[in-house]
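What follows is the content of model27.cif (mmCIF, C-alpha atoms and all ligand atoms).
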data_input
#
loop_
_atom_site.group_PDB
_atom_site.id
_atom_site.type_symbol
_atom_site.label_atom_id
_atom_site.label_comp_id
_atom_site.auth_asym_id
_atom_site.auth_seq_id
_atom_site.Cartn_x
_atom_site.Cartn_y
_atom_site.Cartn_z
ATOM 1 C CA MET A 319 21.851 -34.145 -4.943
ATOM 2 C CA PHE A 320 20.844 -35.172 -8.438
ATOM 3 C CA LEU A 321 24.367 -35.203 -9.909
ATOM 4 C CA ASN A 322 25.800 -37.647 -7.360
ATOM 5 C CA GLY A 323 27.867 -40.226 -9.223
ATOM 6 C CA LYS A 324 28.269 -38.049 -12.323
ATOM 7 C CA ARG A 325 31.700 -36.868 -13.453
ATOM 8 C CA ALA A 326 31.926 -33.413 -15.023
ATOM 9 C CA LEU A 327 34.842 -31.916 -16.927
ATOM 10 C CA VAL A 328 34.734 -28.131 -17.221
ATOM 11 C CA THR A 329 37.406 -26.617 -19.461
ATOM 12 C CA GLY A 330 38.728 -23.170 -18.544
ATOM 13 C CA SER A 331 37.405 -23.530 -14.990
ATOM 14 C CA THR A 332 40.161 -21.823 -12.997
ATOM 15 C CA SER A 333 38.314 -18.499 -13.220
ATOM 16 C CA GLY A 334 35.200 -16.680 -14.378
ATOM 17 C CA ILE A 335 32.276 -18.524 -15.945
ATOM 18 C CA GLY A 336 33.923 -21.944 -15.968
ATOM 19 C CA LEU A 337 34.628 -21.766 -12.255
ATOM 20 C CA ALA A 338 31.026 -20.755 -11.581
ATOM 21 C CA ILE A 339 29.790 -23.715 -13.639
ATOM 22 C CA ALA A 340 32.165 -26.070 -11.803
ATOM 23 C CA ARG A 341 30.905 -24.774 -8.436
ATOM 24 C CA ALA A 342 27.263 -25.141 -9.484
ATOM 25 C CA LEU A 343 27.725 -28.718 -10.731
ATOM 26 C CA ARG A 344 29.687 -29.614 -7.580
ATOM 27 C CA ALA A 345 26.906 -28.184 -5.410
ATOM 28 C CA GLU A 346 24.565 -30.726 -7.029
ATOM 29 C CA GLY A 347 26.957 -33.561 -6.223
ATOM 30 C CA ALA A 348 29.001 -33.950 -9.420
ATOM 31 C CA GLU A 349 32.615 -34.997 -9.226
ATOM 32 C CA VAL A 350 34.458 -32.190 -11.012
ATOM 33 C CA VAL A 351 37.592 -32.106 -13.136
ATOM 34 C CA LEU A 352 39.041 -28.614 -13.495
ATOM 35 C CA ASN A 353 41.179 -27.325 -16.353
ATOM 36 C CA GLY A 354 42.773 -23.968 -17.044
ATOM 37 C CA PHE A 355 45.753 -21.838 -16.191
ATOM 38 C CA GLY A 356 46.542 -19.752 -13.137
ATOM 39 C CA ASP A 357 48.544 -19.367 -9.977
ATOM 40 C CA ALA A 358 49.481 -22.792 -8.544
ATOM 41 C CA ASP A 359 48.399 -21.858 -4.990
ATOM 42 C CA GLU A 360 45.041 -20.549 -6.211
ATOM 43 C CA ILE A 361 44.455 -23.723 -8.205
ATOM 44 C CA ALA A 362 45.381 -25.840 -5.159
ATOM 45 C CA LYS A 363 42.773 -23.898 -3.136
ATOM 46 C CA LEU A 364 40.126 -24.501 -5.802
ATOM 47 C CA ARG A 365 40.961 -28.198 -5.892
ATOM 48 C CA GLU A 366 40.486 -28.357 -2.144
ATOM 49 C CA GLU A 367 37.263 -26.314 -2.200
ATOM 50 C CA LEU A 368 35.711 -28.505 -4.874
ATOM 51 C CA GLY A 369 37.393 -31.816 -4.050
ATOM 52 C CA ALA A 370 38.375 -31.693 -7.701
ATOM 53 C CA ALA A 371 41.153 -32.944 -9.925
ATOM 54 C CA HIS A 372 42.889 -30.378 -12.134
ATOM 55 C CA VAL A 373 44.408 -31.089 -15.546
ATOM 56 C CA ASN A 374 46.839 -28.447 -16.718
ATOM 57 C CA ALA A 375 46.411 -28.891 -20.480
ATOM 58 C CA ASP A 376 46.776 -26.216 -23.167
ATOM 59 C CA LEU A 377 43.663 -26.648 -25.312
ATOM 60 C CA THR A 378 45.005 -24.623 -28.233
ATOM 61 C CA THR A 379 46.693 -27.825 -29.393
ATOM 62 C CA ARG A 380 45.294 -31.184 -30.431
ATOM 63 C CA GLU A 381 47.855 -32.873 -28.162
ATOM 64 C CA GLY A 382 46.674 -30.772 -25.203
ATOM 65 C CA CYS A 383 43.034 -31.703 -25.817
ATOM 66 C CA GLU A 384 43.894 -35.384 -26.145
ATOM 67 C CA ALA A 385 46.010 -35.291 -22.963
ATOM 68 C CA LEU A 386 43.146 -33.609 -21.094
ATOM 69 C CA MET A 387 40.632 -36.258 -22.131
ATOM 70 C CA ALA A 388 43.044 -39.103 -21.362
ATOM 71 C CA GLU A 389 43.754 -37.728 -17.885
ATOM 72 C CA ALA A 390 40.145 -36.804 -17.115
ATOM 73 C CA GLY A 391 38.907 -40.283 -18.043
ATOM 74 C CA PRO A 392 35.304 -40.959 -19.111
ATOM 75 C CA VAL A 393 33.069 -37.987 -18.328
ATOM 76 C CA ASP A 394 29.281 -37.824 -18.104
ATOM 77 C CA ILE A 395 29.102 -34.037 -18.394
ATOM 78 C CA LEU A 396 31.425 -32.122 -20.716
ATOM 79 C CA VAL A 397 31.472 -28.333 -20.496
ATOM 80 C CA ASN A 398 33.510 -26.691 -23.246
ATOM 81 C CA ASN A 399 34.104 -23.287 -21.758
ATOM 82 C CA ALA A 400 37.760 -22.293 -22.227
ATOM 83 C CA GLY A 401 37.975 -19.267 -24.456
ATOM 84 C CA MET A 402 39.993 -16.207 -25.318
ATOM 85 C CA GLN A 403 39.403 -12.920 -27.086
ATOM 86 C CA HIS A 404 41.366 -10.392 -29.119
ATOM 87 C CA VAL A 405 40.086 -7.046 -30.361
ATOM 88 C CA SER A 406 41.546 -5.637 -33.592
ATOM 89 C CA PRO A 407 40.437 -4.489 -37.066
ATOM 90 C CA VAL A 408 40.431 -7.433 -39.462
ATOM 91 C CA GLU A 409 43.211 -6.044 -41.676
ATOM 92 C CA GLU A 410 45.474 -5.721 -38.630
ATOM 93 C CA PHE A 411 44.302 -8.863 -36.862
ATOM 94 C CA PRO A 412 47.425 -10.769 -35.738
ATOM 95 C CA VAL A 413 47.405 -14.047 -37.644
ATOM 96 C CA ASP A 414 48.742 -16.017 -34.683
ATOM 97 C CA LYS A 415 45.896 -14.653 -32.528
ATOM 98 C CA TRP A 416 43.367 -15.813 -35.135
ATOM 99 C CA ASP A 417 44.850 -19.311 -35.023
ATOM 100 C CA LEU A 418 44.828 -19.446 -31.211
ATOM 101 C CA ILE A 419 41.288 -18.111 -30.844
ATOM 102 C CA VAL A 420 39.842 -20.538 -33.388
ATOM 103 C CA ALA A 421 41.842 -23.395 -31.835
ATOM 104 C CA LEU A 422 40.664 -22.693 -28.281
ATOM 105 C CA ASN A 423 37.106 -21.434 -28.803
ATOM 106 C CA LEU A 424 36.117 -23.902 -31.533
ATOM 107 C CA THR A 425 38.541 -26.700 -32.404
ATOM 108 C CA ALA A 426 39.145 -27.713 -28.765
ATOM 109 C CA ALA A 427 35.407 -28.366 -28.387
ATOM 110 C CA PHE A 428 35.535 -30.653 -31.435
ATOM 111 C CA HIS A 429 38.404 -32.664 -29.931
ATOM 112 C CA THR A 430 36.910 -32.991 -26.440
ATOM 113 C CA THR A 431 33.487 -33.832 -27.866
ATOM 114 C CA ARG A 432 34.714 -36.522 -30.252
ATOM 115 C CA LEU A 433 36.619 -38.120 -27.361
ATOM 116 C CA ALA A 434 33.791 -37.812 -24.801
ATOM 117 C CA VAL A 435 30.880 -39.001 -26.923
ATOM 118 C CA PRO A 436 31.662 -42.764 -27.122
ATOM 119 C CA HIS A 437 31.288 -43.209 -23.325
ATOM 120 C CA MET A 438 28.142 -41.079 -23.232
ATOM 121 C CA LYS A 439 26.525 -43.015 -26.084
ATOM 122 C CA ALA A 440 27.504 -46.383 -24.595
ATOM 123 C CA GLN A 441 25.926 -45.575 -21.214
ATOM 124 C CA GLY A 442 22.865 -43.873 -22.735
ATOM 125 C CA TRP A 443 23.273 -40.560 -20.882
ATOM 126 C CA GLY A 444 25.413 -37.501 -21.340
ATOM 127 C CA ARG A 445 25.409 -33.741 -21.346
ATOM 128 C CA ILE A 446 27.548 -31.512 -23.562
ATOM 129 C CA ILE A 447 27.340 -27.832 -22.671
ATOM 130 C CA ASN A 448 29.269 -25.283 -24.702
ATOM 131 C CA THR A 449 29.848 -21.742 -23.509
ATOM 132 C CA ALA A 450 29.249 -19.808 -26.706
ATOM 133 C CA SER A 451 28.350 -16.103 -26.603
ATOM 134 C CA ALA A 452 25.919 -13.517 -27.919
ATOM 135 C CA HIS A 453 28.665 -13.384 -30.546
ATOM 136 C CA SER A 454 27.586 -16.846 -31.715
ATOM 137 C CA LYS A 455 24.387 -15.170 -32.943
ATOM 138 C CA VAL A 456 25.334 -11.603 -33.868
ATOM 139 C CA ALA A 457 28.588 -9.819 -34.662
ATOM 140 C CA SER A 458 30.378 -6.800 -33.269
ATOM 141 C CA PRO A 459 33.228 -5.124 -35.132
ATOM 142 C CA PHE A 460 36.889 -5.885 -34.388
ATOM 143 C CA LYS A 461 36.231 -9.422 -33.112
ATOM 144 C CA SER A 462 36.528 -11.392 -36.351
ATOM 145 C CA ALA A 463 38.210 -14.481 -34.904
ATOM 146 C CA TYR A 464 36.001 -14.653 -31.807
ATOM 147 C CA ASN A 465 32.767 -14.139 -33.744
ATOM 148 C CA ALA A 466 33.773 -16.713 -36.348
ATOM 149 C CA ALA A 467 34.758 -19.255 -33.706
ATOM 150 C CA LYS A 468 31.600 -18.756 -31.632
ATOM 151 C CA HIS A 469 29.313 -18.972 -34.670
ATOM 152 C CA GLY A 470 31.202 -22.165 -35.533
ATOM 153 C CA LEU A 471 30.700 -23.517 -32.013
ATOM 154 C CA ASP A 472 26.946 -23.047 -32.439
ATOM 155 C CA GLY A 473 27.106 -25.065 -35.674
ATOM 156 C CA LEU A 474 29.178 -27.802 -34.061
ATOM 157 C CA THR A 475 26.739 -28.001 -31.135
ATOM 158 C CA LYS A 476 23.685 -28.327 -33.379
ATOM 159 C CA THR A 477 25.350 -31.045 -35.457
ATOM 160 C CA VAL A 478 26.451 -33.048 -32.419
ATOM 161 C CA ALA A 479 22.994 -32.633 -30.852
ATOM 162 C CA LEU A 480 21.376 -34.330 -33.849
ATOM 163 C CA GLU A 481 23.929 -37.141 -33.903
ATOM 164 C CA VAL A 482 23.729 -38.040 -30.194
ATOM 165 C CA ALA A 483 20.016 -37.427 -29.593
ATOM 166 C CA PRO A 484 19.013 -41.110 -29.936
ATOM 167 C CA TYR A 485 21.448 -42.067 -27.152
ATOM 168 C CA GLY A 486 20.148 -39.952 -24.274
ATOM 169 C CA VAL A 487 22.825 -37.336 -24.814
ATOM 170 C CA THR A 488 22.088 -33.629 -25.262
ATOM 171 C CA ALA A 489 24.315 -30.844 -26.593
ATOM 172 C CA ASN A 490 23.537 -27.177 -26.083
ATOM 173 C CA CYS A 491 25.141 -23.756 -26.089
ATOM 174 C CA ILE A 492 24.761 -21.184 -23.362
ATOM 175 C CA SER A 493 25.313 -17.736 -24.824
ATOM 176 C CA PRO A 494 26.090 -14.975 -22.363
ATOM 177 C CA GLY A 495 26.175 -11.299 -23.125
ATOM 178 C CA TYR A 496 28.856 -9.431 -21.189
ATOM 179 C CA VAL A 497 29.834 -11.131 -17.955
ATOM 180 C CA TRP A 498 32.251 -9.255 -15.701
ATOM 181 C CA THR A 499 35.294 -11.569 -15.834
ATOM 182 C CA SER A 500 38.965 -11.123 -16.696
ATOM 183 C CA LEU A 501 38.146 -11.847 -20.354
ATOM 184 C CA VAL A 502 35.961 -8.717 -20.508
ATOM 185 C CA GLU A 503 38.169 -6.548 -18.335
ATOM 186 C CA ASN A 504 41.229 -7.363 -20.458
ATOM 187 C CA GLN A 505 39.589 -6.288 -23.730
ATOM 188 C CA ILE A 506 38.771 -2.791 -22.470
ATOM 189 C CA PRO A 507 42.183 -1.215 -23.292
ATOM 190 C CA ASP A 508 42.204 -2.589 -26.868
ATOM 191 C CA THR A 509 38.590 -1.524 -27.391
ATOM 192 C CA MET A 510 39.488 1.973 -26.138
ATOM 193 C CA GLU A 511 42.235 2.064 -28.760
ATOM 194 C CA ALA A 512 40.269 0.457 -31.624
ATOM 195 C CA ARG A 513 37.293 2.803 -31.122
ATOM 196 C CA GLY A 514 38.994 5.900 -29.665
ATOM 197 C CA LEU A 515 36.924 5.824 -26.462
ATOM 198 C CA THR A 516 37.467 6.259 -22.705
ATOM 199 C CA ARG A 517 37.101 3.341 -20.284
ATOM 200 C CA ASP A 518 33.650 4.530 -19.090
ATOM 201 C CA GLN A 519 32.513 4.978 -22.697
ATOM 202 C CA VAL A 520 33.615 1.425 -23.494
ATOM 203 C CA ILE A 521 31.649 0.055 -20.525
ATOM 204 C CA ASN A 522 28.466 2.060 -21.061
ATOM 205 C CA ASP A 523 28.424 2.756 -24.806
ATOM 206 C CA VAL A 524 29.920 -0.511 -26.104
ATOM 207 C CA LEU A 525 29.687 -3.338 -23.580
ATOM 208 C CA LEU A 526 26.303 -2.602 -22.012
ATOM 209 C CA VAL A 527 24.725 -0.628 -24.846
ATOM 210 C CA LYS A 528 22.767 -3.609 -26.206
ATOM 211 C CA GLN A 529 22.003 -5.251 -22.857
ATOM 212 C CA ALA A 530 18.570 -3.827 -22.120
ATOM 213 C CA THR A 531 18.900 -4.728 -18.440
ATOM 214 C CA LYS A 532 22.039 -2.503 -18.277
ATOM 215 C CA LYS A 533 23.618 -5.109 -16.045
ATOM 216 C CA PHE A 534 26.585 -7.381 -16.493
ATOM 217 C CA VAL A 535 25.601 -11.053 -16.324
ATOM 218 C CA GLN A 536 26.887 -12.790 -13.191
ATOM 219 C CA PRO A 537 28.891 -16.026 -13.656
ATOM 220 C CA ALA A 538 26.572 -17.861 -11.224
ATOM 221 C CA GLU A 539 23.639 -17.224 -13.586
ATOM 222 C CA ILE A 540 25.425 -19.317 -16.203
ATOM 223 C CA GLY A 541 26.140 -22.017 -13.606
ATOM 224 C CA ALA A 542 22.425 -22.268 -12.803
ATOM 225 C CA ILE A 543 21.540 -22.871 -16.455
ATOM 226 C CA ALA A 544 24.252 -25.504 -16.793
ATOM 227 C CA VAL A 545 22.696 -27.310 -13.820
ATOM 228 C CA PHE A 546 19.249 -27.131 -15.419
ATOM 229 C CA LEU A 547 20.589 -28.581 -18.685
ATOM 230 C CA CYS A 548 21.825 -31.618 -16.719
ATOM 231 C CA ARG A 549 18.369 -32.371 -15.281
ATOM 232 C CA ASP A 550 16.131 -35.099 -16.676
ATOM 233 C CA GLU A 551 13.522 -32.370 -17.253
ATOM 234 C CA ALA A 552 15.941 -30.981 -19.882
ATOM 235 C CA GLN A 553 16.168 -34.239 -21.832
ATOM 236 C CA ASN A 554 14.390 -32.621 -24.792
ATOM 237 C CA VAL A 555 16.426 -29.442 -24.679
ATOM 238 C CA THR A 556 19.047 -30.164 -27.295
ATOM 239 C CA GLY A 557 20.633 -28.230 -30.134
ATOM 240 C CA ALA A 558 19.540 -25.051 -28.366
ATOM 241 C CA ASN A 559 21.522 -21.858 -28.026
ATOM 242 C CA TRP A 560 20.338 -20.321 -24.780
ATOM 243 C CA SER A 561 20.822 -16.556 -24.517
ATOM 244 C CA VAL A 562 21.674 -14.956 -21.174
ATOM 245 C CA ASP A 563 22.362 -11.498 -22.515
ATOM 246 C CA GLY A 564 19.965 -9.022 -20.895
ATOM 247 C CA GLY A 565 17.983 -8.811 -24.134
ATOM 248 C CA TRP A 566 20.956 -8.053 -26.428
ATOM 249 C CA THR A 567 20.011 -10.517 -29.180
ATOM 250 C CA THR A 568 16.255 -10.057 -28.842
ATOM 251 C CA GLU A 569 14.704 -9.088 -32.161
HETATM 252 P P1 LIG A 601 38.209 -16.039 -18.100
HETATM 253 O O1 LIG A 601 39.392 -15.406 -18.770
HETATM 254 O O2 LIG A 601 37.861 -15.656 -16.699
HETATM 255 O O3 LIG A 601 38.354 -17.633 -18.148
HETATM 256 C C1 LIG A 601 38.932 -18.293 -19.226
HETATM 257 C C2 LIG A 601 39.383 -19.653 -18.757
HETATM 258 O O4 LIG A 601 39.990 -20.337 -19.855
HETATM 259 C C3 LIG A 601 40.431 -19.603 -17.638
HETATM 260 O O5 LIG A 601 40.227 -20.675 -16.758
HETATM 261 C C4 LIG A 601 41.726 -19.769 -18.413
HETATM 262 O O6 LIG A 601 42.808 -20.263 -17.631
HETATM 263 C C5 LIG A 601 41.286 -20.771 -19.453
HETATM 264 N N1 LIG A 601 42.166 -20.824 -20.599
HETATM 265 C C6 LIG A 601 42.697 -19.789 -21.315
HETATM 266 N N2 LIG A 601 43.490 -20.238 -22.278
HETATM 267 C C7 LIG A 601 43.473 -21.594 -22.196
HETATM 268 C C8 LIG A 601 44.105 -22.638 -22.920
HETATM 269 N N3 LIG A 601 44.930 -22.361 -23.945
HETATM 270 N N4 LIG A 601 43.871 -23.918 -22.557
HETATM 271 C C9 LIG A 601 43.050 -24.201 -21.502
HETATM 272 N N5 LIG A 601 42.417 -23.254 -20.787
HETATM 273 C C10 LIG A 601 42.640 -21.973 -21.125
HETATM 274 O O7 LIG A 601 37.026 -15.754 -19.092
HETATM 275 P P2 LIG A 601 35.432 -15.997 -19.007
HETATM 276 O O8 LIG A 601 34.800 -14.697 -19.294
HETATM 277 O O9 LIG A 601 35.048 -16.754 -17.806
HETATM 278 O O10 LIG A 601 35.250 -16.879 -20.324
HETATM 279 C C11 LIG A 601 34.796 -18.212 -20.303
HETATM 280 C C12 LIG A 601 34.041 -18.502 -21.577
HETATM 281 O O11 LIG A 601 32.888 -17.670 -21.631
HETATM 282 C C13 LIG A 601 34.840 -18.229 -22.867
HETATM 283 O O12 LIG A 601 34.575 -19.242 -23.815
HETATM 284 C C14 LIG A 601 34.256 -16.912 -23.336
HETATM 285 O O13 LIG A 601 34.384 -16.749 -24.711
HETATM 286 C C15 LIG A 601 32.823 -17.055 -22.906
HETATM 287 N N6 LIG A 601 32.075 -15.806 -22.817
HETATM 288 C C16 LIG A 601 32.466 -14.845 -21.945
HETATM 289 C C17 LIG A 601 31.727 -13.678 -21.889
HETATM 290 C C18 LIG A 601 32.079 -12.566 -20.939
HETATM 291 O O14 LIG A 601 31.477 -11.496 -21.059
HETATM 292 N N7 LIG A 601 32.987 -12.757 -20.003
HETATM 293 C C19 LIG A 601 30.623 -13.494 -22.709
HETATM 294 C C20 LIG A 601 30.257 -14.488 -23.584
HETATM 295 C C21 LIG A 601 31.007 -15.659 -23.629
#

Represent the structure from my file as structure tokens, please.
Ligand code: NAD
Amino acid sequence: MFLNGKRALVTGSTSGIGLAIARALRAEGAEVVLNGFGDADEIAKLREELGAAHVNADLTTREGCEALMAEAGPVDILVNNAGMQHVSPVEEFPVDKWDLIVALNLTAAFHTTRLAVPHMKAQGWGRIINTASAHSKVASPFKSAYNAAKHGLDGLTKTVALEVAPYGVTANCISPGYVWTSLVENQIPDTMEARGLTRDQVINDVLLVKQATKKFVQPAEIGAIAVFLCRDEAQNVTGANWSVDGGWTTE
């Protein structure tokens, strides 16, 4: 297993895409550190399944990010995946939601990256993988904070990629279209309200309308790409923003 001896921190890995990435990295031998919220018994089960540590840090705060990195220790693979969404017209967008979304989806990745990079540079190997989104490339209405944060995450990733490239460290985004997770399911009611649509209309006419495959992406598909980005064959893949969106952002 090619990731034996490597330590991977995956933020937001108690469910959805992050959990799939954690499972995929573990299957290749990585030692995994989980982060994210959830039911204590469920998290205990995941820890047992993956032989993983879990750090219960709130990444919307600088203190939470710093506590996570201190507890996780030096990591060879950093996956910035924790994220949240809110759907609302910009003039009604709750200001506290804006602050939280930008803090979690963008600023947390800055904090974890700045704290992870010294070890990676010193040892001459590292992988930074950021779960961005099709919304890091294109916009949809009513998602101002999310779109701004994800576009920002793409910019952060490119900048870091250039800075760490001479040290054997790569930094990339993976950008899914719609993946069927709680994050997507939870935005359906607000999207119904914001657009005046039924649940089926939201699924077919909003969520899947631009995915030419007409399929939701599966979390394991994102895990497989994260594994590839850790391979030596991916040493020249850096600063990329890899779409997994069924053709959504194809021009
Ligand atoms: P999810 O809701 O299943 O998982 C989110 C994870 O983040 C959970 O583990 C949750 O506990 C954790 N989290 C939430 N708030 C946190 C906080 N304050 N501090 C630390 N952890 C916190 O959602 P998901 O769909 O798996 O989303 C994962 C990532 O993928 C997000 O960055 C999201 O923007 C991105 N993404 C999702 C989709 C999709 O369609 N589901 C599409 C594109 C991008």

Using the chain letters and residue numbers of this document, give as a PDB file with C-alpha atoms, in the frame of the given file the residues selected by the PyMOL selection byres (((chain A and resi 438-453) around 9) and not hetatm).
ATOM      1  CA  ILE A 335      32.276 -18.524 -15.945  1.00  0.00           C
ATOM      2  CA  GLY A 336      33.923 -21.944 -15.968  1.00  0.00           C
ATOM      3  CA  PRO A 392      35.304 -40.959 -19.111  1.00  0.00           C
ATOM      4  CA  VAL A 393      33.069 -37.987 -18.328  1.00  0.00           C
ATOM      5  CA  ASP A 394      29.281 -37.824 -18.104  1.00  0.00           C
ATOM      6  CA  ILE A 395      29.102 -34.037 -18.394  1.00  0.00           C
ATOM      7  CA  LEU A 396      31.425 -32.122 -20.716  1.00  0.00           C
ATOM      8  CA  VAL A 397      31.472 -28.333 -20.496  1.00  0.00           C
ATOM      9  CA  ASN A 398      33.510 -26.691 -23.246  1.00  0.00           C
ATOM     10  CA  ASN A 399      34.104 -23.287 -21.758  1.00  0.00           C
ATOM     11  CA  ALA A 400      37.760 -22.293 -22.227  1.00  0.00           C
ATOM     12  CA  GLY A 401      37.975 -19.267 -24.456  1.00  0.00           C
ATOM     13  CA  ASN A 423      37.106 -21.434 -28.803  1.00  0.00           C
ATOM     14  CA  ALA A 427      35.407 -28.366 -28.387  1.00  0.00           C
ATOM     15  CA  THR A 431      33.487 -33.832 -27.866  1.00  0.00           C
ATOM     16  CA  ALA A 434      33.791 -37.812 -24.801  1.00  0.00           C
ATOM     17  CA  VAL A 435      30.880 -39.001 -26.923  1.00  0.00           C
ATOM     18  CA  PRO A 436      31.662 -42.764 -27.122  1.00  0.00           C
ATOM     19  CA  HIS A 437      31.288 -43.209 -23.325  1.00  0.00           C
ATOM     20  CA  SER A 454      27.586 -16.846 -31.715  1.00  0.00           C
ATOM     21  CA  LYS A 455      24.387 -15.170 -32.943  1.00  0.00           C
ATOM     22  CA  VAL A 456      25.334 -11.603 -33.868  1.00  0.00           C
ATOM     23  CA  ALA A 457      28.588  -9.819 -34.662  1.00  0.00           C
ATOM     24  CA  SER A 458      30.378  -6.800 -33.269  1.00  0.00           C
ATOM     25  CA  LYS A 461      36.231  -9.422 -33.112  1.00  0.00           C
ATOM     26  CA  TYR A 464      36.001 -14.653 -31.807  1.00  0.00           C
ATOM     27  CA  ASN A 465      32.767 -14.139 -33.744  1.00  0.00           C
ATOM     28  CA  ALA A 466      33.773 -16.713 -36.348  1.00  0.00           C
ATOM     29  CA  ALA A 467      34.758 -19.255 -33.706  1.00  0.00           C
ATOM     30  CA  LYS A 468      31.600 -18.756 -31.632  1.00  0.00           C
ATOM     31  CA  HIS A 469      29.313 -18.972 -34.670  1.00  0.00           C
ATOM     32  CA  LEU A 471      30.700 -23.517 -32.013  1.00  0.00           C
ATOM     33  CA  ASP A 472      26.946 -23.047 -32.439  1.00  0.00           C
ATOM     34  CA  THR A 475      26.739 -28.001 -31.135  1.00  0.00           C
ATOM     35  CA  ALA A 479      22.994 -32.633 -30.852  1.00  0.00           C
ATOM     36  CA  VAL A 482      23.729 -38.040 -30.194  1.00  0.00           C
ATOM     37  CA  PRO A 484      19.013 -41.110 -29.936  1.00  0.00           C
ATOM     38  CA  TYR A 485      21.448 -42.067 -27.152  1.00  0.00           C
ATOM     39  CA  GLY A 486      20.148 -39.952 -24.274  1.00  0.00           C
ATOM     40  CA  VAL A 487      22.825 -37.336 -24.814  1.00  0.00           C
ATOM     41  CA  THR A 488      22.088 -33.629 -25.262  1.00  0.00           C
ATOM     42  CA  ALA A 489      24.315 -30.844 -26.593  1.00  0.00           C
ATOM     43  CA  ASN A 490      23.537 -27.177 -26.083  1.00  0.00           C
ATOM     44  CA  CYS A 491      25.141 -23.756 -26.089  1.00  0.00           C
ATOM     45  CA  ILE A 492      24.761 -21.184 -23.362  1.00  0.00           C
ATOM     46  CA  SER A 493      25.313 -17.736 -24.824  1.00  0.00           C
ATOM     47  CA  PRO A 494      26.090 -14.975 -22.363  1.00  0.00           C
ATOM     48  CA  GLY A 495      26.175 -11.299 -23.125  1.00  0.00           C
ATOM     49  CA  TYR A 496      28.856  -9.431 -21.189  1.00  0.00           C
ATOM     50  CA  ILE A 540      25.425 -19.317 -16.203  1.00  0.00           C
ATOM     51  CA  ALA A 544      24.252 -25.504 -16.793  1.00  0.00           C
ATOM     52  CA  LEU A 547      20.589 -28.581 -18.685  1.00  0.00           C
ATOM     53  CA  CYS A 548      21.825 -31.618 -16.719  1.00  0.00           C
ATOM     54  CA  ASN A 559      21.522 -21.858 -28.026  1.00  0.00           C
ATOM     55  CA  SER A 561      20.822 -16.556 -24.517  1.00  0.00           C
ATOM     56  CA  VAL A 562      21.674 -14.956 -21.174  1.00  0.00           C
ATOM     57  CA  ASP A 563      22.362 -11.498 -22.515  1.00  0.00           C
ATOM     58  CA  TRP A 566      20.956  -8.053 -26.428  1.00  0.00           C
ATOM     59  CA  THR A 567      20.011 -10.517 -29.180  1.00  0.00           C
TER      60      THR A 567
END

*With all atoms listed in the file as the basis for distance, which of A:Leu337, A:Ala326, A:Leu368, A:Leu515 is at the shortest distance from Phe355 (chain A)?*
A:Leu337

*Between A:Lys533, A:Arg513, A:His372, A:Arg549, which is the closest to Pro407 (chain A) once you count only C-alpha atoms?*
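Using only C-alpha atoms, Pro407 (chain A) sits closest to A:Arg513.
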
Mind working out the centre and edge lengths of an axis-aligned box for ligand LIG 601 (chain A), all listed atoms inside, 4 Å added to each side, rounded to one decimal in Å and written as AutoDock Vina command-line options?
--center_x 37.6 --center_y -17.8 --center_z -20.7 --size_x 22.7 --size_y 20.7 --size_z 16.0

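For the pair CA of Gly354 (chain A) and CA of Pro459 (chain A), the interatomic distance is 27.8 Å.
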
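Listed by chain and then by number, the residues chosen by the PyMOL selection byres (((chain A and resi 415) around 10) and not hetatm) in this file are A:Met402, A:Gln403, A:His404, A:Val405, A:Phe411, A:Pro412, A:Val413, A:Asp414, A:Trp416, A:Asp417, A:Leu418, A:Ile419, A:Val420, A:Ala421, A:Ala463, A:Tyr464.
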
Filtering to C-alpha atoms, could you give me those residues as a PDB file, in the coordinates of the input?
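For reference, part.pdb as written:
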ATOM      1  CA  MET A 402      39.993 -16.207 -25.318  1.00  0.00           C
ATOM      2  CA  GLN A 403      39.403 -12.920 -27.086  1.00  0.00           C
ATOM      3  CA  HIS A 404      41.366 -10.392 -29.119  1.00  0.00           C
ATOM      4  CA  VAL A 405      40.086  -7.046 -30.361  1.00  0.00           C
ATOM      5  CA  PHE A 411      44.302  -8.863 -36.862  1.00  0.00           C
ATOM      6  CA  PRO A 412      47.425 -10.769 -35.738  1.00  0.00           C
ATOM      7  CA  VAL A 413      47.405 -14.047 -37.644  1.00  0.00           C
ATOM      8  CA  ASP A 414      48.742 -16.017 -34.683  1.00  0.00           C
ATOM      9  CA  TRP A 416      43.367 -15.813 -35.135  1.00  0.00           C
ATOM     10  CA  ASP A 417      44.850 -19.311 -35.023  1.00  0.00           C
ATOM     11  CA  LEU A 418      44.828 -19.446 -31.211  1.00  0.00           C
ATOM     12  CA  ILE A 419      41.288 -18.111 -30.844  1.00  0.00           C
ATOM     13  CA  VAL A 420      39.842 -20.538 -33.388  1.00  0.00           C
ATOM     14  CA  ALA A 421      41.842 -23.395 -31.835  1.00  0.00           C
ATOM     15  CA  ALA A 463      38.210 -14.481 -34.904  1.00  0.00           C
ATOM     16  CA  TYR A 464      36.001 -14.653 -31.807  1.00  0.00           C
TER      17      TYR A 464
END

*In terms of the shortest atom-to-atom distance over all atoms listed in the file, which of A:Gly473, A:Gly382, A:Gly347, A:Gly334 is closest to Phe320 (chain A)?*
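Looking only at the distances to Phe320 (chain A), the closest residue turns out to be A:Gly347.
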